[in-house]
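One file, query.pdb, is given below (PDB, C-alpha atoms).
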MODEL        1
ATOM      1  CA  MET R   1       0.000   0.000   0.000
ATOM      2  CA  LYS R   2       2.865   2.390   0.803
ATOM      3  CA  GLU R   3       4.128   2.317  -2.773
ATOM      4  CA  VAL R   4       0.643   2.865  -4.139
ATOM      5  CA  LEU R   5       0.278   6.037  -2.075
ATOM      6  CA  VAL R   6       3.766   7.341  -2.907
ATOM      7  CA  LYS R   7       2.751   6.813  -6.552
ATOM      8  CA  LYS R   8      -0.270   9.027  -5.916
ATOM      9  CA  ALA R   9       2.084  11.689  -4.496
ATOM     10  CA  ILE R  10       4.196  11.348  -7.670
ATOM     11  CA  GLU R  11       1.075  11.956  -9.769
ATOM     12  CA  VAL R  12       0.487  15.166  -7.795
ATOM     13  CA  ALA R  13       4.138  16.154  -8.434
ATOM     14  CA  LYS R  14       3.528  15.726 -12.170
ATOM     15  CA  ARG R  15       0.447  17.914 -11.902
ATOM     16  CA  SER R  16       2.413  20.584  -9.973
ATOM     17  CA  LYS R  17       4.867  20.698 -12.846
ATOM     18  CA  ALA R  18       2.080  20.797 -15.445
ATOM     19  CA  ASN R  19       0.594  23.730 -13.521
ATOM     20  CA  GLY R  20       3.845  25.698 -13.816
ATOM     21  CA  ASN R  21       5.355  24.892 -10.435
ATOM     22  CA  LEU R  22       8.157  22.708  -9.103
ATOM     23  CA  ALA R  23       7.698  18.953  -9.510
ATOM     24  CA  TYR R  24       6.864  18.005  -5.936
ATOM     25  CA  GLY R  25       3.656  16.555  -4.531
ATOM     26  CA  CYS R  26       2.158  14.837  -1.511
ATOM     27  CA  VAL R  27      -1.033  13.216  -0.280
ATOM     28  CA  LEU R  28      -2.558  12.724   3.156
ATOM     29  CA  ALA R  29      -4.082   9.342   3.996
ATOM     30  CA  ASP R  30      -6.373   8.648   6.936
ATOM     31  CA  GLY R  31      -6.049   5.702   9.315
ATOM     32  CA  ASP R  32      -7.656   3.387   6.722
ATOM     33  CA  GLY R  33      -5.170   4.400   4.037
ATOM     34  CA  LYS R  34      -7.754   6.453   2.138
ATOM     35  CA  VAL R  35      -6.404   9.598   0.453
ATOM     36  CA  ILE R  36      -8.246  12.571   1.932
ATOM     37  CA  MET R  37      -6.096  15.498   0.696
ATOM     38  CA  GLU R  38      -3.494  16.341  -1.924
ATOM     39  CA  GLY R  39      -0.762  19.001  -1.784
ATOM     40  CA  GLU R  40       0.795  20.687  -4.819
ATOM     41  CA  ASN R  41       3.833  22.954  -4.924
ATOM     42  CA  THR R  42       2.902  26.622  -5.538
ATOM     43  CA  VAL R  43       6.317  28.323  -5.297
ATOM     44  CA  ILE R  44       6.213  29.832  -8.786
ATOM     45  CA  THR R  45       2.573  30.619  -9.471
ATOM     46  CA  GLU R  46       1.966  32.098  -6.003
ATOM     47  CA  HIS R  47       5.374  33.838  -5.750
ATOM     48  CA  ASP R  48       5.745  32.121  -2.373
ATOM     49  CA  CYS R  49       9.161  30.694  -1.532
ATOM     50  CA  LEU R  50       7.483  28.663   1.239
ATOM     51  CA  GLY R  51       4.784  27.206  -1.040
ATOM     52  CA  HIS R  52       6.121  23.672  -0.737
ATOM     53  CA  ALA R  53       3.621  20.848  -1.275
ATOM     54  CA  GLU R  54       3.755  19.647   2.332
ATOM     55  CA  ILE R  55       3.316  23.152   3.795
ATOM     56  CA  ASN R  56       0.297  23.787   1.560
ATOM     57  CA  LEU R  57      -1.295  20.478   2.522
ATOM     58  CA  ILE R  58      -0.648  20.806   6.264
ATOM     59  CA  ARG R  59      -1.952  24.386   6.495
ATOM     60  CA  GLU R  60      -5.232  23.230   4.984
ATOM     61  CA  ALA R  61      -5.339  19.970   6.985
ATOM     62  CA  SER R  62      -4.869  21.975  10.173
ATOM     63  CA  LYS R  63      -7.993  23.993   9.395
ATOM     64  CA  ARG R  64     -10.074  20.918   8.501
ATOM     65  CA  TYR R  65      -9.045  18.331  11.098
ATOM     66  CA  ASP R  66      -8.106  18.237  14.768
ATOM     67  CA  THR R  67      -4.856  16.886  16.160
ATOM     68  CA  GLU R  68      -6.426  13.640  17.339
ATOM     69  CA  PHE R  69      -7.637  12.858  13.820
ATOM     70  CA  LEU R  70      -4.289  13.868  12.267
ATOM     71  CA  SER R  71      -2.430  11.583  14.672
ATOM     72  CA  GLN R  72      -4.057   8.678  12.765
ATOM     73  CA  CYS R  73      -2.928  10.063   9.400
ATOM     74  CA  SER R  74       0.153   9.497   7.246
ATOM     75  CA  ILE R  75       1.684  11.860   4.689
ATOM     76  CA  TYR R  76       3.127  10.409   1.476
ATOM     77  CA  THR R  77       5.543  12.610  -0.482
ATOM     78  CA  SER R  78       7.218  12.327  -3.874
ATOM     79  CA  ASP R  79      10.526  13.537  -2.366
ATOM     80  CA  GLU R  80      12.082  13.458   1.094
ATOM     81  CA  PRO R  81      10.855  16.687   2.727
ATOM     82  CA  CYS R  82      13.206  19.635   3.256
ATOM     83  CA  PRO R  83      14.006  20.611   6.876
ATOM     84  CA  MET R  84      11.122  23.134   6.893
ATOM     85  CA  CYS R  85       8.578  20.575   5.725
ATOM     86  CA  SER R  86       9.910  17.828   8.013
ATOM     87  CA  SER R  87       9.427  20.278  10.884
ATOM     88  CA  ALA R  88       5.937  21.197   9.669
ATOM     89  CA  ILE R  89       5.038  17.483   9.828
ATOM     90  CA  PHE R  90       6.144  17.508  13.463
ATOM     91  CA  TRP R  91       3.865  20.476  14.282
ATOM     92  CA  SER R  92       0.918  18.963  12.380
ATOM     93  CA  GLY R  93       0.481  15.927  14.608
ATOM     94  CA  ILE R  94       0.660  13.544  11.610
ATOM     95  CA  SER R  95       2.143  10.237  12.805
ATOM     96  CA  THR R  96       3.934   8.827   9.759
ATOM     97  CA  LEU R  97       5.947  10.161   6.819
ATOM     98  CA  VAL R  98       6.557   7.979   3.755
ATOM     99  CA  PHE R  99       8.726   9.457   1.010
ATOM    100  CA  GLY R 100       9.911   8.509  -2.489
ATOM    101  CA  LEU R 101      13.221  10.071  -3.576
ATOM    102  CA  SER R 102      15.809  10.766  -0.876
ATOM    103  CA  LYS R 103      17.461  14.170  -0.853
ATOM    104  CA  SER R 104      20.916  12.560  -0.912
ATOM    105  CA  ARG R 105      20.058  10.744  -4.162
ATOM    106  CA  PHE R 106      18.551  13.965  -5.534
ATOM    107  CA  TYR R 107      21.792  15.845  -4.892
ATOM    108  CA  GLN R 108      23.860  12.968  -6.301
ATOM    109  CA  GLU R 109      21.938  13.314  -9.531
ATOM    110  CA  PHE R 110      21.535  17.065  -9.864
ATOM    111  CA  GLY R 111      24.503  18.365  -7.872
ATOM    112  CA  ASN R 112      24.357  20.775  -5.018
ATOM    113  CA  ASP R 113      26.500  23.614  -6.305
ATOM    114  CA  ASN R 114      23.720  26.219  -6.085
ATOM    115  CA  PRO R 115      24.069  27.403  -2.455
ATOM    116  CA  ALA R 116      20.553  28.876  -2.458
ATOM    117  CA  ILE R 117      18.918  25.442  -2.899
ATOM    118  CA  ASN R 118      21.504  23.264  -1.162
ATOM    119  CA  PHE R 119      19.805  22.504   2.150
ATOM    120  CA  ASN R 120      19.883  18.897   3.227
ATOM    121  CA  ILE R 121      19.131  17.567   6.685
ATOM    122  CA  PRO R 122      17.595  14.085   6.486
ATOM    123  CA  SER R 123      13.980  14.058   7.664
ATOM    124  CA  LYS R 124      14.850  11.424  10.265
ATOM    125  CA  ASP R 125      17.485  13.714  11.788
ATOM    126  CA  VAL R 126      15.071  16.663  12.014
ATOM    127  CA  LEU R 127      12.248  14.585  13.452
ATOM    128  CA  LYS R 128      14.332  12.760  16.032
ATOM    129  CA  ALA R 129      14.721  16.135  17.798
ATOM    130  CA  GLY R 130      10.987  16.229  18.447
ATOM    131  CA  GLY R 131       9.375  15.112  21.689
ATOM    132  CA  ARG R 132       6.542  13.538  19.682
ATOM    133  CA  LYS R 133       7.854  10.663  17.582
ATOM    134  CA  VAL R 134       7.052  10.567  13.861
ATOM    135  CA  LYS R 135       7.715   7.342  11.969
ATOM    136  CA  VAL R 136       9.781   7.896   8.804
ATOM    137  CA  ILE R 137       9.758   5.380   5.930
ATOM    138  CA  GLY R 138      11.676   5.689   2.645
ATOM    139  CA  PRO R 139      13.174   5.963   0.128
ATOM    140  CA  MET R 140      11.208   4.021  -2.471
ATOM    141  CA  LEU R 141      10.364   4.380  -6.169
ATOM    142  CA  GLU R 142      13.395   6.647  -6.562
ATOM    143  CA  ASP R 143      13.754   6.077 -10.310
ATOM    144  CA  ASP R 144      10.137   7.122 -10.886
ATOM    145  CA  VAL R 145      10.704  10.437  -9.100
ATOM    146  CA  LEU R 146      14.094  11.029 -10.737
ATOM    147  CA  ALA R 147      12.434  10.615 -14.140
ATOM    148  CA  ILE R 148      10.137  13.573 -13.399
ATOM    149  CA  HIS R 149      12.951  15.802 -12.155
ATOM    150  CA  ARG R 150      15.138  14.918 -15.154
ATOM    151  CA  SER R 151      12.470  16.266 -17.448
ATOM    152  CA  SER R 152      12.028  19.521 -15.525
ATOM    153  CA  SER R 153      14.012  22.133 -13.621
ATOM    154  CA  PRO R 154      13.741  20.846 -10.057
TER
ATOM    155  CA  MET Y   1      20.284  48.995  16.889
ATOM    156  CA  LYS Y   2      19.882  45.222  17.170
ATOM    157  CA  GLU Y   3      18.228  45.498  20.596
ATOM    158  CA  VAL Y   4      15.920  48.248  19.369
ATOM    159  CA  LEU Y   5      14.648  46.015  16.577
ATOM    160  CA  VAL Y   6      14.294  42.944  18.817
ATOM    161  CA  LYS Y   7      12.226  45.213  21.087
ATOM    162  CA  LYS Y   8       9.993  45.968  18.100
ATOM    163  CA  ALA Y   9       9.586  42.216  17.564
ATOM    164  CA  ILE Y  10       8.645  41.879  21.238
ATOM    165  CA  GLU Y  11       5.977  44.557  20.777
ATOM    166  CA  VAL Y  12       4.545  42.490  17.910
ATOM    167  CA  ALA Y  13       4.599  39.418  20.194
ATOM    168  CA  LYS Y  14       2.533  41.348  22.729
ATOM    169  CA  ARG Y  15       0.076  42.310  19.989
ATOM    170  CA  SER Y  16      -0.153  38.662  18.844
ATOM    171  CA  LYS Y  17      -1.155  37.716  22.350
ATOM    172  CA  ALA Y  18      -3.631  40.603  22.605
ATOM    173  CA  ASN Y  19      -5.163  39.389  19.338
ATOM    174  CA  GLY Y  20      -5.771  35.937  20.813
ATOM    175  CA  ASN Y  21      -2.721  34.131  19.487
ATOM    176  CA  LEU Y  22       0.580  32.849  20.856
ATOM    177  CA  ALA Y  23       2.993  35.492  22.138
ATOM    178  CA  TYR Y  24       5.523  35.471  19.317
ATOM    179  CA  GLY Y  25       6.435  38.228  16.891
ATOM    180  CA  CYS Y  26       9.011  39.334  14.341
ATOM    181  CA  VAL Y  27       9.927  42.262  12.109
ATOM    182  CA  LEU Y  28      11.831  42.533   8.835
ATOM    183  CA  ALA Y  29      14.359  45.337   8.434
ATOM    184  CA  ASP Y  30      15.876  46.463   5.155
ATOM    185  CA  GLY Y  31      19.567  47.130   4.575
ATOM    186  CA  ASP Y  32      19.266  50.522   6.306
ATOM    187  CA  GLY Y  33      17.712  48.986   9.429
ATOM    188  CA  LYS Y  34      14.256  50.360   8.629
ATOM    189  CA  VAL Y  35      11.351  48.104   9.623
ATOM    190  CA  ILE Y  36       9.421  47.263   6.456
ATOM    191  CA  MET Y  37       7.201  44.409   7.656
ATOM    192  CA  GLU Y  38       5.869  42.823  10.843
ATOM    193  CA  GLY Y  39       4.813  39.208  11.466
ATOM    194  CA  GLU Y  40       2.271  38.083  14.041
ATOM    195  CA  ASN Y  41       1.477  34.543  15.159
ATOM    196  CA  THR Y  42      -1.919  33.316  13.832
ATOM    197  CA  VAL Y  43      -1.961  29.717  15.095
ATOM    198  CA  ILE Y  44      -5.152  30.103  17.109
ATOM    199  CA  THR Y  45      -7.299  32.599  15.223
ATOM    200  CA  GLU Y  46      -6.579  31.036  11.802
ATOM    201  CA  HIS Y  47      -6.644  27.407  13.036
ATOM    202  CA  ASP Y  48      -3.267  26.999  11.337
ATOM    203  CA  CYS Y  49      -0.634  24.973  13.180
ATOM    204  CA  LEU Y  50       1.971  26.476  10.826
ATOM    205  CA  GLY Y  51       0.878  30.096  11.411
ATOM    206  CA  HIS Y  52       4.119  31.034  13.161
ATOM    207  CA  ALA Y  53       5.132  34.716  13.027
ATOM    208  CA  GLU Y  54       8.179  34.106  10.827
ATOM    209  CA  ILE Y  55       6.277  31.916   8.341
ATOM    210  CA  ASN Y  56       3.545  34.549   8.017
ATOM    211  CA  LEU Y  57       6.074  37.330   7.468
ATOM    212  CA  ILE Y  58       8.215  35.416   4.964
ATOM    213  CA  ARG Y  59       5.259  34.251   2.840
ATOM    214  CA  GLU Y  60       4.201  37.871   2.431
ATOM    215  CA  ALA Y  61       7.784  39.163   1.953
ATOM    216  CA  SER Y  62       8.313  36.593  -0.783
ATOM    217  CA  LYS Y  63       5.356  38.016  -2.712
ATOM    218  CA  ARG Y  64       6.477  41.643  -2.247
ATOM    219  CA  TYR Y  65      10.258  41.503  -2.690
ATOM    220  CA  ASP Y  66      12.759  39.633  -4.839
ATOM    221  CA  THR Y  67      15.615  37.512  -3.516
ATOM    222  CA  GLU Y  68      18.224  40.172  -4.223
ATOM    223  CA  PHE Y  69      16.375  42.687  -2.053
ATOM    224  CA  LEU Y  70      15.775  40.133   0.704
ATOM    225  CA  SER Y  71      19.489  39.272   0.776
ATOM    226  CA  GLN Y  72      20.005  42.772   2.199
ATOM    227  CA  CYS Y  73      17.357  42.268   4.887
ATOM    228  CA  SER Y  74      17.485  41.010   8.484
ATOM    229  CA  ILE Y  75      14.716  39.339  10.478
ATOM    230  CA  TYR Y  76      14.371  40.180  14.183
ATOM    231  CA  THR Y  77      12.342  37.757  16.305
ATOM    232  CA  SER Y  78      11.097  37.790  19.881
ATOM    233  CA  ASP Y  79      12.126  34.119  20.304
ATOM    234  CA  GLU Y  80      14.692  31.862  18.692
ATOM    235  CA  PRO Y  81      12.843  30.375  15.696
ATOM    236  CA  CYS Y  82      11.705  26.747  15.701
ATOM    237  CA  PRO Y  83      13.341  24.385  13.173
ATOM    238  CA  MET Y  84      10.560  25.070  10.643
ATOM    239  CA  CYS Y  85      10.991  28.836  10.856
ATOM    240  CA  SER Y  86      14.806  28.672  10.848
ATOM    241  CA  SER Y  87      14.507  26.656   7.637
ATOM    242  CA  ALA Y  88      12.009  29.142   6.179
ATOM    243  CA  ILE Y  89      14.582  31.887   6.771
ATOM    244  CA  PHE Y  90      17.044  29.850   4.726
ATOM    245  CA  TRP Y  91      14.595  29.585   1.793
ATOM    246  CA  SER Y  92      13.688  33.271   1.976
ATOM    247  CA  GLY Y  93      17.135  34.620   1.080
ATOM    248  CA  ILE Y  94      17.200  36.853   4.202
ATOM    249  CA  SER Y  95      20.828  37.242   5.275
ATOM    250  CA  THR Y  96      20.659  37.732   9.056
ATOM    251  CA  LEU Y  97      18.580  36.445  11.975
ATOM    252  CA  VAL Y  98      18.614  38.264  15.306
ATOM    253  CA  PHE Y  99      16.584  36.701  18.125
ATOM    254  CA  GLY Y 100      15.621  37.513  21.697
ATOM    255  CA  LEU Y 101      14.865  34.514  23.922
ATOM    256  CA  SER Y 102      16.731  31.281  23.218
ATOM    257  CA  LYS Y 103      14.724  28.059  23.014
ATOM    258  CA  SER Y 104      16.995  26.438  25.626
ATOM    259  CA  ARG Y 105      16.164  29.209  28.127
ATOM    260  CA  PHE Y 106      12.480  28.948  27.192
ATOM    261  CA  TYR Y 107      12.468  25.218  28.004
ATOM    262  CA  GLN Y 108      14.450  25.792  31.204
ATOM    263  CA  GLU Y 109      11.695  28.120  32.354
ATOM    264  CA  PHE Y 110       8.567  26.378  31.118
ATOM    265  CA  GLY Y 111       9.695  22.750  30.938
ATOM    266  CA  ASN Y 112       9.528  20.512  27.941
ATOM    267  CA  ASP Y 113       7.341  17.710  29.205
ATOM    268  CA  ASN Y 114       4.639  18.203  26.565
ATOM    269  CA  PRO Y 115       5.975  16.058  23.706
ATOM    270  CA  ALA Y 116       3.778  17.827  21.148
ATOM    271  CA  ILE Y 117       5.568  21.153  21.653
ATOM    272  CA  ASN Y 118       9.033  19.915  22.616
ATOM    273  CA  PHE Y 119      11.008  20.518  19.419
ATOM    274  CA  ASN Y 120      14.349  22.182  19.853
ATOM    275  CA  ILE Y 121      17.125  22.364  17.312
ATOM    276  CA  PRO Y 122      19.137  25.586  17.729
ATOM    277  CA  SER Y 123      18.692  27.916  14.722
ATOM    278  CA  LYS Y 124      22.458  27.903  14.175
ATOM    279  CA  ASP Y 125      22.471  24.119  13.843
ATOM    280  CA  VAL Y 126      19.635  24.148  11.301
ATOM    281  CA  LEU Y 127      21.146  26.978   9.278
ATOM    282  CA  LYS Y 128      24.674  25.612   9.195
ATOM    283  CA  ALA Y 129      23.307  22.787   7.005
ATOM    284  CA  GLY Y 130      22.445  25.303   4.289
ATOM    285  CA  GLY Y 131      24.671  26.071   1.322
ATOM    286  CA  ARG Y 132      23.762  29.755   1.686
ATOM    287  CA  LYS Y 133      25.097  31.142   4.942
ATOM    288  CA  VAL Y 134      22.739  33.042   7.270
ATOM    289  CA  LYS Y 135      24.259  35.034  10.127
ATOM    290  CA  VAL Y 136      22.631  34.220  13.500
ATOM    291  CA  ILE Y 137      22.822  36.650  16.436
ATOM    292  CA  GLY Y 138      21.282  36.108  19.877
ATOM    293  CA  PRO Y 139      20.084  35.667  22.524
ATOM    294  CA  MET Y 140      19.393  39.137  23.936
ATOM    295  CA  LEU Y 141      16.680  40.793  26.064
ATOM    296  CA  GLU Y 142      15.721  37.355  27.380
ATOM    297  CA  ASP Y 143      14.052  38.659  30.541
ATOM    298  CA  ASP Y 144      11.796  40.958  28.502
ATOM    299  CA  VAL Y 145      10.557  38.035  26.423
ATOM    300  CA  LEU Y 146      10.226  35.702  29.425
ATOM    301  CA  ALA Y 147       8.010  38.299  31.086
ATOM    302  CA  ILE Y 148       5.513  38.065  28.222
ATOM    303  CA  HIS Y 149       5.480  34.278  28.208
ATOM    304  CA  ARG Y 150       5.077  34.141  31.978
ATOM    305  CA  SER Y 151       1.868  36.132  31.667
ATOM    306  CA  SER Y 152       0.425  33.925  28.906
ATOM    307  CA  SER Y 153       0.260  30.307  27.769
ATOM    308  CA  PRO Y 154       3.226  30.089  25.403
TER
ENDMDL
END
How does the structure come out when it is put into structure tokens?
Amino acid sequence: MKEVLVKKAIEVAKRSKANGNLAYGCVLADGDGKVIMEGENTVITEHDCLGHAEINLIREASKRYDTEFLSQCSIYTSDEPCPMCSSAIFWSGISTLVFGLSKSRFYQEFGNDNPAINFNIPSKDVLKAGGRKVKVIGPMLEDDVLAIHRSSSP
Amino acid sequence: MKEVLVKKAIEVAKRSKANGNLAYGCVLADGDGKVIMEGENTVITEHDCLGHAEINLIREASKRYDTEFLSQCSIYTSDEPCPMCSSAIFWSGISTLVFGLSKSRFYQEFGNDNPAINFNIPSKDVLKAGGRKVKVIGPMLEDDVLAIHRSSSP
């Protein structure tokens, strides 16, 4: 099931790109594994440097659902979240993160010579600092995610 | 000048609290040290667990100003930013962070036995992982900020 839901996040990443944004996406699944929300990247179209897919999803989830409900939910992301988004998952109350492409593999492929976008702390390392424990699973389906980034400007 | 601008951030924190939110605030100063924006916390009134003062300010700054302009700016915060907000400062292009109360002092005073809000990675440690270097200055005026938190539920 985990791969199926990461694949759904990858579909959202493709849609983000088709909509003129960066190729990242995520979905939120409830305790039964049913997708209840999707998050697209909006960095370009909204002129919002913080418009990452996970931030957009969590802001909306926080308005719709209470912490008790979110503690039963899992977030599935096309890419390992950046330190900001890993931290946002901590604040949200969501219990599990499942990601596709790891940031280390991303940087292996695309380099990290642009200092403005070179920002890599593994999600596990960010989240282990939190008093509330969030389960982190990944990477998986890395070639599928790399294929999208290769055909865009990530 | 740094203390004067942290004091302005503390005034915004007081206003956040008066407006029914958590007692955190920040201001953005341009290269001449002129305050050009303020950021209030909106976690409670907007039902947004990510509505931290710095996130609110940076989302708006990102729409108003380009990266080149923001690279001349400094953000002044009442409290040392959480890992999410430290990371948001990295993405914003802002060059300098100046904070009042350190998170370690905050936890000393108020305890960290609530796992859902115990999340402490020093801003310097988050930001040193970034390819773009952000200068971090603080703590200062810690008693002023503690006084606000003591009279509220931080």
Open item on the list: I'd like the neighbourhood of Asp66 in chain Y as a list in words, where a residue qualifies if any of its atoms comes within 10 Å (using all atoms listed in the file), though same-chain residues fewer than 4 positions away should be ignored.
Closed with: His47 of chain R; Ala61, Ser62, Leu70, Ser71, Ser92 and Gly93 of chain Y
Open item on the list: Could you check the closest approach to Ala88 in chain Y for each of R:Ala18, R:Met37, R:Ala29, R:Cys49 and tell me which residue wins, using only C-alpha atoms?
Closed with: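 So, comparing all the options, the nearest one is R:Cys49.
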TODO: Pick out the closest residue to Glu38 in chain R from this set: R:Glu109, R:Glu80, R:Asp144, R:Glu11. Count only C-alpha atoms.
DONE: R:Glu11
TODO: Name the residues that the ChimeraX specification (/Y :<10) & /R pulls out of this structure, and write them as a VMD selection string.
DONE: chain R and resid 43 46 to 51 55 to 56 58 to 67 82 to 93 112 to 121 126 to 133
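Excluding Lys8 in chain R and any residue on its chain fewer than 2 positions from it, the residues at most 9 Å away by only C-alpha atoms are Glu3, Val4, Leu5, Val6, Ile10, Glu11, Val12, Ala13, Gly25, Cys26, Val27, Val35, Glu38, Tyr76, Thr77 and Ser78 of chain R.
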Report the centre and edge lengths, in Å to one decimal, of an axis-aligned box enclosing every atom of range 32-47 of chain R listed in the file, padded by 8 Å on each side, as JSON.
{"center_x": -1.0, "center_y": 18.6, "center_z": -1.4, "size_x": 30.6, "size_y": 46.5, "size_z": 32.2}
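Using all atoms listed in the file, the nearest neighbour of His149 in chain Y within the list Y:Ala9, Y:Ile75, Y:Ala23, Y:Val134 is Y:Ala23.
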TODO: Go ahead and compute the interatomic distance for CA of Leu101 in chain Y and CA of Pro81 in chain R, in Å to one decimal.
DONE: 28.0 Å
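Residue nearest Glu54 in chain R, chosen from R:Ile36, R:Cys73, R:Leu28, R:Met140 and counting only C-alpha atoms: R:Leu28.
The space separating CA of Arg105 in chain Y from CA of Asp143 in chain Y comes to 10.0 Å.
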Open item on the list: Considering only C-alpha atoms, can you say which of Y:Asp79, Y:Leu22, Y:Thr45, Y:Ser74 comes closest to Met1 in chain Y?
Closed with: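 Between Y:Asp79, Y:Leu22, Y:Thr45, Y:Ser74, the residue approaching Met1 in chain Y most closely is Y:Ser74.
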Open item on the list: If I take CA of Gly33 in chain R and CA of Lys17 in chain R, how far is one from the other in Å, to one decimal?
Closed with: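 Spanning CA of Gly33 in chain R to CA of Lys17 in chain R is a straight-line distance of 25.5 Å.
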Task: Neighbour list for Ile137 in chain R as a list in words, cut-off 10 Å, only C-alpha atoms, skip fewer than 6 positions in-chain - done: Lys2, Tyr76, Glu80, Thr96, Leu97, Val98, Phe99, Gly100, Ser123 and Lys124 of chain R
